[in-house]
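Visitor: Input target16.cif, format and content: mmCIF, C-alpha atoms.
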data_model
loop_
_atom_site.label_atom_id
_atom_site.label_comp_id
_atom_site.auth_asym_id
_atom_site.auth_seq_id
_atom_site.Cartn_x
_atom_site.Cartn_y
_atom_site.Cartn_z
CA MET A 30 -80.13 -54.17 27.11
CA GLY A 31 -78.30 -52.61 30.10
CA THR A 32 -74.74 -52.98 31.20
CA VAL A 33 -73.93 -56.20 33.00
CA ILE A 34 -71.86 -55.84 36.16
CA THR A 35 -69.74 -58.93 36.74
CA ARG A 36 -66.62 -57.55 38.48
CA ILE A 37 -66.44 -54.76 41.04
CA LEU A 38 -63.17 -53.23 42.19
CA VAL A 39 -63.02 -51.70 45.66
CA PRO A 40 -59.84 -49.71 46.32
CA THR A 41 -59.33 -49.22 50.05
CA ASP A 42 -57.14 -47.17 52.32
CA PHE A 43 -58.86 -48.77 55.34
CA SER A 44 -60.62 -45.50 56.23
CA ARG A 45 -64.28 -45.17 57.24
CA PRO A 46 -65.30 -44.04 53.72
CA SER A 47 -63.50 -47.09 52.29
CA GLU A 48 -65.34 -49.39 54.70
CA GLN A 49 -68.64 -47.82 53.65
CA ALA A 50 -67.70 -48.25 49.99
CA LEU A 51 -66.97 -51.93 50.61
CA ALA A 52 -70.36 -52.43 52.27
CA TYR A 53 -72.06 -50.73 49.33
CA ALA A 54 -70.02 -52.77 46.81
CA ARG A 55 -70.84 -55.99 48.67
CA SER A 56 -74.55 -55.15 48.38
CA LEU A 57 -74.20 -54.45 44.65
CA ALA A 58 -72.18 -57.64 44.12
CA GLN A 59 -74.92 -59.70 45.78
CA ARG A 60 -77.62 -57.99 43.76
CA PHE A 61 -75.83 -58.51 40.42
CA GLY A 62 -74.03 -61.76 41.18
CA ALA A 63 -70.71 -59.95 40.64
CA SER A 64 -67.31 -60.75 42.10
CA LEU A 65 -65.54 -58.35 44.49
CA HIS A 66 -61.89 -57.42 44.01
CA LEU A 67 -60.06 -55.40 46.66
CA LEU A 68 -56.99 -53.26 46.12
CA HIS A 69 -54.78 -51.39 48.56
CA VAL A 70 -52.14 -49.04 47.17
CA VAL A 71 -49.10 -48.21 49.25
CA ASN A 72 -48.39 -44.72 47.99
CA ARG A 73 -44.97 -43.75 46.79
CA PRO A 74 -44.10 -40.25 48.01
CA LEU A 75 -44.33 -37.67 45.23
CA LEU A 76 -40.85 -36.39 46.06
CA ALA A 77 -39.35 -39.83 45.49
CA GLU A 78 -39.93 -39.63 41.74
CA GLY A 79 -36.55 -39.45 40.07
CA LEU A 80 -34.61 -39.76 43.35
CA ALA A 81 -32.36 -42.59 44.41
CA ALA A 82 -34.15 -45.82 45.29
CA GLU A 83 -33.15 -45.54 48.95
CA ALA A 84 -35.14 -42.30 49.25
CA PHE A 85 -38.36 -44.24 49.76
CA ILE A 86 -39.66 -47.60 50.92
CA ASP A 87 -40.61 -50.04 48.22
CA GLU A 88 -41.74 -53.64 48.05
CA SER A 89 -38.17 -54.97 47.85
CA THR A 90 -37.21 -53.76 51.34
CA ALA A 91 -37.93 -55.64 54.56
CA MET A 92 -40.15 -52.77 55.70
CA GLY A 93 -41.96 -52.82 52.35
CA SER A 94 -42.55 -56.58 52.64
CA ASP A 95 -43.92 -56.08 56.14
CA MET A 96 -46.25 -53.33 54.91
CA VAL A 97 -47.57 -55.62 52.18
CA GLU A 98 -48.16 -58.49 54.63
CA VAL A 99 -50.00 -56.28 57.12
CA ALA A 100 -52.17 -54.82 54.34
CA GLN A 101 -52.89 -58.32 52.95
CA GLN A 102 -54.01 -59.48 56.40
CA ARG A 103 -56.29 -56.45 56.75
CA LEU A 104 -57.79 -57.07 53.30
CA ARG A 105 -58.44 -60.76 54.06
CA LYS A 106 -60.04 -59.84 57.39
CA GLN A 107 -62.11 -57.07 55.82
CA ALA A 108 -63.41 -59.18 52.93
CA PRO A 109 -62.75 -62.91 53.14
CA ASP A 110 -65.42 -63.30 50.44
CA ALA A 111 -63.48 -61.25 47.86
CA ALA A 112 -62.41 -62.97 44.65
CA SER A 113 -59.04 -61.18 44.91
CA ALA A 114 -57.25 -58.89 47.33
CA ASN A 115 -54.06 -57.21 46.14
CA VAL A 116 -51.53 -54.79 47.58
CA VAL A 117 -49.41 -52.76 45.19
CA PHE A 118 -46.85 -49.97 45.49
CA GLY A 119 -47.39 -46.93 43.34
CA TYR A 120 -49.37 -43.75 42.92
CA ALA A 121 -52.92 -44.37 44.12
CA ALA A 122 -55.10 -43.09 41.27
CA LYS A 123 -52.82 -44.41 38.54
CA SER A 124 -52.52 -47.82 40.22
CA ILE A 125 -56.28 -48.11 40.72
CA VAL A 126 -57.00 -47.31 37.07
CA GLN A 127 -54.30 -49.74 35.87
CA HIS A 128 -55.63 -52.50 38.13
CA ALA A 129 -59.19 -51.89 36.93
CA SER A 130 -58.03 -52.14 33.31
CA GLN A 131 -56.04 -55.31 33.95
CA LEU A 132 -58.97 -57.01 35.70
CA GLY A 133 -61.53 -55.76 33.21
CA VAL A 134 -63.82 -54.55 35.98
CA ASP A 135 -67.26 -53.18 35.20
CA LEU A 136 -67.50 -50.83 38.18
CA ILE A 137 -65.19 -49.21 40.73
CA VAL A 138 -66.72 -48.43 44.12
CA MET A 139 -64.50 -46.29 46.30
CA GLY A 140 -64.64 -44.09 49.34
CA SER A 141 -64.02 -40.37 49.16
CA HIS A 142 -62.84 -38.26 52.06
CA GLY A 143 -64.70 -35.24 50.70
CA ARG A 144 -61.83 -32.82 51.23
CA THR A 145 -62.36 -29.28 50.04
CA GLY A 146 -60.42 -26.04 49.97
CA ILE A 147 -56.75 -26.06 50.85
CA ALA A 148 -56.77 -29.74 51.92
CA HIS A 149 -58.05 -30.69 48.45
CA ILE A 150 -55.40 -28.53 46.78
CA LEU A 151 -52.53 -29.88 48.91
CA LEU A 152 -53.61 -33.52 49.16
CA GLY A 153 -55.47 -33.83 45.87
CA SER A 154 -58.31 -36.21 45.31
CA VAL A 155 -57.61 -39.80 44.39
CA ALA A 156 -61.31 -40.37 43.76
CA GLU A 157 -61.50 -37.38 41.41
CA ALA A 158 -58.49 -38.58 39.40
CA VAL A 159 -59.95 -42.10 39.19
CA VAL A 160 -63.32 -40.77 38.02
CA ARG A 161 -61.57 -38.77 35.26
CA THR A 162 -59.38 -41.63 33.98
CA ALA A 163 -61.09 -44.94 34.81
CA PRO A 164 -62.03 -47.36 32.03
CA CYS A 165 -65.45 -47.95 33.66
CA PRO A 166 -68.03 -46.16 35.82
CA VAL A 167 -66.92 -45.10 39.30
CA LEU A 168 -69.25 -44.86 42.29
CA THR A 169 -67.85 -42.73 45.10
CA VAL A 170 -69.13 -43.14 48.65
CA ARG A 171 -68.58 -40.18 50.95
CA ASP A 172 -68.27 -40.09 54.69
CA PRO A 173 -71.64 -38.76 55.94
CA VAL A 174 -69.97 -37.23 59.00
CA LYS A 175 -67.91 -34.91 56.75
CA ALA A 176 -70.79 -33.57 54.64
CA PRO A 177 -74.21 -34.53 56.06
CA GLU A 178 -76.04 -31.88 54.03
CA ARG A 179 -74.77 -33.31 50.74
CA VAL A 180 -75.70 -36.99 51.02
CA ALA A 181 -78.71 -39.12 50.33
CA THR A 182 -79.53 -42.43 51.95
CA ALA A 183 -79.52 -45.51 49.73
CA SER A 184 -80.01 -48.94 51.29
CA GLY A 185 -78.97 -47.58 54.70
CA LEU A 186 -75.66 -46.21 53.43
CA HIS A 187 -74.80 -42.62 52.63
CA VAL A 188 -73.78 -41.91 49.07
CA ALA A 189 -72.69 -38.60 47.58
CA VAL A 190 -75.22 -37.08 45.23
CA ASP A 191 -73.15 -34.24 43.81
#
Taking this structure as input, can you express it in the form of structure tokens?
Guide:
Amino acid sequence: MGTVITRILVPTDFSRPSEQALAYARSLAQRFGASLHLLHVVNRPLLAEGLAAEAFIDESTAMGSDMVEVAQQRLRKQAPDAASANVVFGYAAKSIVQHASQLGVDLIVMGSHGRTGIAHILLGSVAEAVVRTAPCPVLTVRDPVKAPERVATASGLHVAVD
């Protein structure tokens, strides 16, 4: 008997790859009768680690509260059908993996910017870190405009095949 998919987590940074990942996840959720759970992570700057609290914006500040509210509104607009839509402060990959574990999701569907070279070295890859550490399978959806020669069409959406 195969794996049953009942909960799908879609982390989003509101980019085009994230929107494509949500569309793909929505299709999978309909096919499997699974619930959709959205997550937006407000990244803490890497340099803020170990520094005084005032060195970065967090959820306890007025600006942090405003950021959460704006992100919540965007999530609700993007997916009013989602079973949950959460905004958290933290480090993206770590927060996504923790959220997936807490929810007991069966699949993570997330966009990937497809950065390579120096951009990948400097900015890292949240998707790559999630794939390495997630408690469940991860499906990454790449932006077809960034790498058209490395994608295959599946149900009208472009999905990375490498």
Visitor: Tell me, as a JSON list (two decimals) with C-alpha atoms, in the frame of the given file, which residues lie within 7 Å of A:Leu104, counting only C-alpha atoms; anything in the same chain fewer than 4 positions away does not count.
Guide:
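Saved as part_10.json:
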[["chain", "number", "residue", "atom", "x", "y", "z"],
["A", 100, "ALA", "CA", -52.17, -54.82, 54.34],
["A", 108, "ALA", "CA", -63.41, -59.18, 52.93],
["A", 114, "ALA", "CA", -57.25, -58.89, 47.33]]
Visitor: Once the PyMOL selection byres ((chain A and resi 168) around 8) is applied to the coordinates I shared, what remains selected? I want it as a PyMOL selection string.
Guide: chain A and resi 136-139+166-167+169-170
Visitor: For a test of reading the model, state the distance in Å between atom CA of A:Gly140 and atom CA of A:Phe43, rounded to one decimal.
Guide: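 So the answer is 9.6 Å.
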Visitor: May I have the residues within 10 Å of A:Ala158 as a PyMOL selection string, using only C-alpha atoms and disregarding those fewer than 2 positions away in the same chain?
Guide: chain A and resi 121-123+125-126+153-156+160-163
Visitor: With all atoms listed in the file as the atoms that count, which of A:Ala63, A:Asp110, A:Val134, A:Ser56 lies nearest to A:Leu38?
Guide: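 Result for the nearest residue to A:Leu38: A:Val134.
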